[in-house]
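K.L.:
Could you have a look at this structure, given as structure tokens, before my questions?
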Amino acid sequence: MSRLFEVLERLAATVESRKGGDPCASYTAKLLSDPALAAKKLGEEAVETVIAAVAQGPEALASESADLLYHWLALMAATGVSLDAVAEKLEAREGTSGHAEKASRGG
Ligand SMILES: N=c1c2ncn([C@@H]3O[C@H](COP(=O)(O)OP(=O)(O)OP(=O)(O)O)[C@@H](O)[C@H]3O)c2ncn1[C@@H]1O[C@H](COP(=O)(O)O)[C@@H](O)[C@H]1O
């Protein structure tokens, strides 16, 4: 697991470094310059991940998951949502069962 986090940390830094870059030279810069495009691409990658999970097997799922995580990092950077803000949300949920949280909303 720590290998994934190390890769994600490097990738997040690379994504940040593309801010203000040339969209013709960098696909990441293209996503960062257009949050709607970044959101659309994330949606596509999410669907492709689901298809891989239900119909294509572990290798495809790993590959689509990598696409998904890259595009998610790009969307966060494109919209200015810090990774710390996401971490804060996850931390606040630690120890709370999803069932209990849903019940507290009357679900
Ligand atoms: N991890 C990735 C990564 N994963 C996927 N992709 C790109 O995401 C795109 C995915 O689009 P699709 O699957 O829809 O394929 P497509 O049909 O060719 O794309 P579209 O024409 O629809 O945009 C492809 O162009 C992939 O190459 C990535 N592009 C970049 N990175 C990382 O970002 C770094 C910086 O990249 P640049 O900003 O392009 O220099 C790279 O060194 C990598 O580490």
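Ordered as shown in the structure tokens, chains take letters A, B, and onward, while each chain numbers its residues from 1 and ligands are numbered from 1 in the order shown.
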Give the helix (DSSP H, G or I) residues of chain A, as DSSP finds them on the backbone, and put them as JSON, numbers by chain.
P.N.:
{"A": [2, 3, 4, 5, 6, 7, 8, 9, 10, 11, 12, 13, 14, 15, 16, 17, 27, 28, 29, 30, 31, 32, 35, 36, 37, 38, 39, 40, 41, 42, 43, 44, 45, 46, 47, 48, 49, 50, 51, 52, 53, 54, 55, 56, 58, 59, 60, 61, 62, 63, 64, 65, 66, 67, 68, 69, 70, 71, 72, 73, 74, 75, 76, 77, 78, 79, 83, 84, 85, 86, 87, 88, 89, 90, 91, 92, 93, 98, 99, 100, 101, 102, 103, 104]}
K.L.:
Within 10 Å of ligand 1 (counting only C-alpha atoms and all ligand atoms), which residues show up? I'd like them as a PyMOL selection string.
P.N.:
chain A and resi 7-8+10-19+21-32+37-38+40-42+44-45+48+63-71+73-74
K.L.:
Do you have the CA of Pro35 (chain A)-CA of Leu75 (chain A) distance handy?
P.N.:
6.5 Å
